[in-house]
file upload-v6.cif (mmCIF, C-alpha atoms)
data_query
loop_
_atom_site.group_PDB
_atom_site.id
_atom_site.type_symbol
_atom_site.label_atom_id
_atom_site.label_comp_id
_atom_site.auth_asym_id
_atom_site.auth_seq_id
_atom_site.Cartn_x
_atom_site.Cartn_y
_atom_site.Cartn_z
ATOM 1 C CA MET A 421 -10.262 -1.305 12.897
ATOM 2 C CA THR A 422 -11.804 -3.661 15.456
ATOM 3 C CA LYS A 423 -13.726 -5.674 12.848
ATOM 4 C CA TRP A 424 -10.685 -5.839 10.574
ATOM 5 C CA PHE A 425 -8.515 -6.978 13.453
ATOM 6 C CA ASP A 426 -11.010 -9.656 14.481
ATOM 7 C CA LEU A 427 -11.143 -11.027 10.921
ATOM 8 C CA ALA A 428 -7.398 -10.942 10.249
ATOM 9 C CA PRO A 429 -5.691 -14.338 10.623
ATOM 10 C CA GLU A 430 -2.444 -12.820 11.916
ATOM 11 C CA VAL A 431 -1.253 -9.303 12.601
ATOM 12 C CA PRO A 432 2.246 -8.266 13.685
ATOM 13 C CA PHE A 433 1.066 -6.032 16.517
ATOM 14 C CA ASP A 434 -1.002 -5.998 19.686
ATOM 15 C CA ARG A 435 -4.461 -4.538 19.939
ATOM 16 C CA ILE A 436 -5.892 -2.914 23.023
ATOM 17 C CA GLN A 437 -9.462 -1.687 22.919
ATOM 18 C CA LEU A 438 -9.983 1.529 24.866
ATOM 19 C CA THR A 439 -13.719 2.078 24.878
ATOM 20 C CA THR A 440 -14.154 5.450 26.567
ATOM 21 C CA ALA A 441 -12.384 8.808 26.530
ATOM 22 C CA ARG A 442 -11.567 8.440 30.220
ATOM 23 C CA VAL A 443 -9.927 5.033 29.745
ATOM 24 C CA LEU A 444 -8.023 6.343 26.741
ATOM 25 C CA GLN A 445 -6.727 9.364 28.696
ATOM 26 C CA GLN A 446 -5.600 7.116 31.537
ATOM 27 C CA GLN A 447 -4.012 4.380 29.435
ATOM 28 C CA LEU A 448 -2.214 6.269 26.637
ATOM 29 C CA PRO A 449 0.591 7.656 28.855
ATOM 30 C CA ARG A 450 1.286 4.142 30.207
ATOM 31 C CA LEU A 451 1.182 2.613 26.723
ATOM 32 C CA ARG A 452 3.638 5.234 25.396
ATOM 33 C CA HIS A 453 6.283 3.741 27.688
ATOM 34 C CA GLN A 454 5.468 0.201 26.569
ATOM 35 C CA TYR A 455 5.466 0.619 22.770
ATOM 36 C CA ALA A 456 7.604 2.450 20.233
ATOM 37 C CA LEU A 457 4.541 3.339 18.135
ATOM 38 C CA LEU A 458 0.894 3.746 19.083
ATOM 39 C CA LEU A 459 -1.847 3.913 16.480
ATOM 40 C CA VAL A 460 -5.194 5.037 17.852
ATOM 41 C CA ASP A 461 -8.109 4.436 15.504
ATOM 42 C CA CYS A 462 -10.949 6.733 16.549
ATOM 43 C CA PRO A 463 -14.573 7.003 15.537
ATOM 44 C CA PRO A 464 -15.229 9.427 12.699
ATOM 45 C CA MET A 465 -16.372 12.945 13.300
ATOM 46 C CA GLN A 466 -16.306 14.850 16.549
ATOM 47 C CA SER A 467 -16.381 12.680 19.654
ATOM 48 C CA ASP A 468 -14.962 12.693 23.162
ATOM 49 C CA ILE A 469 -12.776 9.694 22.292
ATOM 50 C CA THR A 470 -11.300 11.505 19.290
ATOM 51 C CA ALA A 471 -10.699 14.607 21.417
ATOM 52 C CA ALA A 472 -8.942 12.551 24.103
ATOM 53 C CA ALA A 473 -6.733 10.877 21.508
ATOM 54 C CA VAL A 474 -5.617 14.005 19.646
ATOM 55 C CA THR A 475 -4.771 15.886 22.838
ATOM 56 C CA GLN A 476 -2.044 13.276 23.437
ATOM 57 C CA ALA A 477 -1.062 12.566 19.828
ATOM 58 C CA ASP A 478 2.049 13.511 17.902
ATOM 59 C CA LEU A 479 0.315 13.086 14.530
ATOM 60 C CA ALA A 480 -3.358 13.015 13.538
ATOM 61 C CA LEU A 481 -4.149 11.471 10.150
ATOM 62 C CA ILE A 482 -7.710 12.085 9.019
ATOM 63 C CA PRO A 483 -8.810 10.040 5.992
ATOM 64 C CA VAL A 484 -11.290 11.899 3.773
ATOM 65 C CA HIS A 485 -13.057 11.171 0.523
ATOM 66 C CA PRO A 486 -12.729 13.944 -2.063
ATOM 67 C CA SER A 487 -16.425 14.795 -2.166
ATOM 68 C CA PRO A 488 -18.258 17.946 -1.115
ATOM 69 C CA LEU A 489 -20.451 16.125 1.427
ATOM 70 C CA ASP A 490 -17.490 14.432 3.095
ATOM 71 C CA MET A 491 -15.540 17.679 3.238
ATOM 72 C CA LEU A 492 -18.557 19.418 4.779
ATOM 73 C CA ALA A 493 -18.897 16.665 7.389
ATOM 74 C CA TYR A 494 -15.211 16.825 8.307
ATOM 75 C CA SER A 495 -15.362 20.588 8.619
ATOM 76 C CA GLU A 496 -17.049 19.959 11.989
ATOM 77 C CA LEU A 497 -13.911 18.132 13.103
ATOM 78 C CA VAL A 498 -11.530 21.012 12.332
ATOM 79 C CA PRO A 499 -12.416 23.124 15.421
ATOM 80 C CA LEU A 500 -11.779 20.095 17.662
ATOM 81 C CA LEU A 501 -8.403 19.545 16.001
ATOM 82 C CA ARG A 502 -7.430 23.212 16.318
ATOM 83 C CA GLN A 503 -8.399 23.189 19.995
ATOM 84 C CA ALA A 504 -6.299 20.067 20.577
ATOM 85 C CA GLN A 505 -3.398 21.668 18.716
ATOM 86 C CA ALA A 506 -3.603 24.744 20.958
ATOM 87 C CA GLY A 507 -3.089 22.519 24.007
ATOM 88 C CA ASN A 508 -0.626 20.145 22.338
ATOM 89 C CA LYS A 509 2.031 22.126 20.459
ATOM 90 C CA THR A 510 3.677 18.963 19.051
ATOM 91 C CA LEU A 511 0.485 17.768 17.319
ATOM 92 C CA LYS A 512 0.726 17.651 13.527
ATOM 93 C CA ILE A 513 -2.541 17.300 11.587
ATOM 94 C CA GLN A 514 -2.783 15.883 8.073
ATOM 95 C CA PHE A 515 -5.846 15.145 5.993
ATOM 96 C CA VAL A 516 -5.285 12.094 3.793
ATOM 97 C CA ILE A 517 -7.372 11.946 0.639
ATOM 98 C CA ASN A 518 -8.692 8.436 0.213
ATOM 99 C CA GLN A 519 -9.747 6.909 -3.128
ATOM 100 C CA PHE A 520 -8.461 9.756 -5.261
ATOM 101 C CA VAL A 521 -8.624 9.063 -8.992
ATOM 102 C CA SER A 522 -6.743 11.310 -11.373
ATOM 103 C CA GLU A 523 -6.679 11.382 -15.157
ATOM 104 C CA HIS A 524 -2.884 11.189 -14.902
ATOM 105 C CA ASN A 525 -2.870 8.352 -12.377
ATOM 106 C CA PRO A 526 -3.536 4.923 -13.920
ATOM 107 C CA TRP A 527 -4.486 3.365 -10.574
ATOM 108 C CA PRO A 528 -7.159 2.245 -10.110
ATOM 109 C CA ARG A 529 -7.886 1.485 -13.717
ATOM 110 C CA ARG A 530 -11.434 1.918 -14.902
ATOM 111 C CA CYS A 531 -12.986 -0.972 -16.786
#
call {"tool": "encode", "arguments": {"input": "upload-v6.cif", "output": "structure tokens"}}
result
Amino acid sequence: MTKWFDLAPEVPFDRIQLTTARVLQQQLPRLRHQYALLLVDCPPMQSDITAAAVTQADLALIPVHPSPLDMLAYSELVPLLRQAQAGNKTLKIQFVINQFVSEHNPWPRRC
């Protein structure tokens, strides 16, 4: 998200870079009072930053590719998410399949 944000000519929102789990834990409660919606883009896989974010989140969206290797890699993230959900009863977790191509779906079209 940081690279995309830096390259974008204009975006209709503010960006705040929280570089450590400790900073994220300290700043998210304050930012909740400042903004109607917070989107926290975390590093992939299991990390202390991801853990800090999901413990305070209402919704966790995890983009995944529909491949066996990607699903295996993300299986390491599931215990972290379940642990966060045990401490945060409002947390909803959804895996979002990215780049899914179906025979019945014409998009994207193959050339």
call {"tool": "residues_around", "arguments": {"input": "upload-v6.cif", "residues": "A:Ala472", "least_positions_apart": "5", "cutoff": "9 Å", "atoms": "only C-alpha atoms", "output": "PyMOL selection string"}}
result
chain A and resi 441-442+444-445+467+477+504
call {"tool": "atom_distance", "arguments": {"input": "upload-v6.cif", "atom1": "atom CA of A:Asn508", "atom2": "atom CA of A:Ala493"}}
result
23.9 Å
call {"tool": "closest_residue", "arguments": {"input": "upload-v6.cif", "among": "A:Leu501, A:Ile469, A:Ile517, A:Ala506", "to": "A:Pro486", "atoms": "only C-alpha atoms"}}
result
A:Ile517
call {"tool": "atom_distance", "arguments": {"input": "upload-v6.cif", "atom1": "atom CA of A:Thr440", "atom2": "atom CA of A:Gly507"}}
result
20.5 Å
call {"tool": "atom_distance", "arguments": {"input": "upload-v6.cif", "atom1": "atom CA of A:Leu427", "atom2": "atom CA of A:His485"}}
result
24.6 Å
call {"tool": "resolve_selection", "arguments": {"input": "upload-v6.cif", "expression": "the PyMOL selection byres ((chain A and resi 460) around 10)", "output": "list in words"}}
result
Met421, Arg435, Ile436, Gln437, Leu438, Leu444, Leu448, Leu457, Leu458, Leu459, Asp461, Cys462, Pro463, Ile469, Thr470, Ala473, Val474, Ala477 and Ala480 of chain A
call {"tool": "axis_aligned_box", "arguments": {"input": "upload-v6.cif", "around": "stretch 462-476 of chain A", "padding_each_side": "5 Å", "output": "lines of an AutoDock Vina configuration file"}}
result
center_x = -9.2
center_y = 11.3
center_z = 18.4
size_x = 24.3
size_y = 19.2
size_z = 21.4
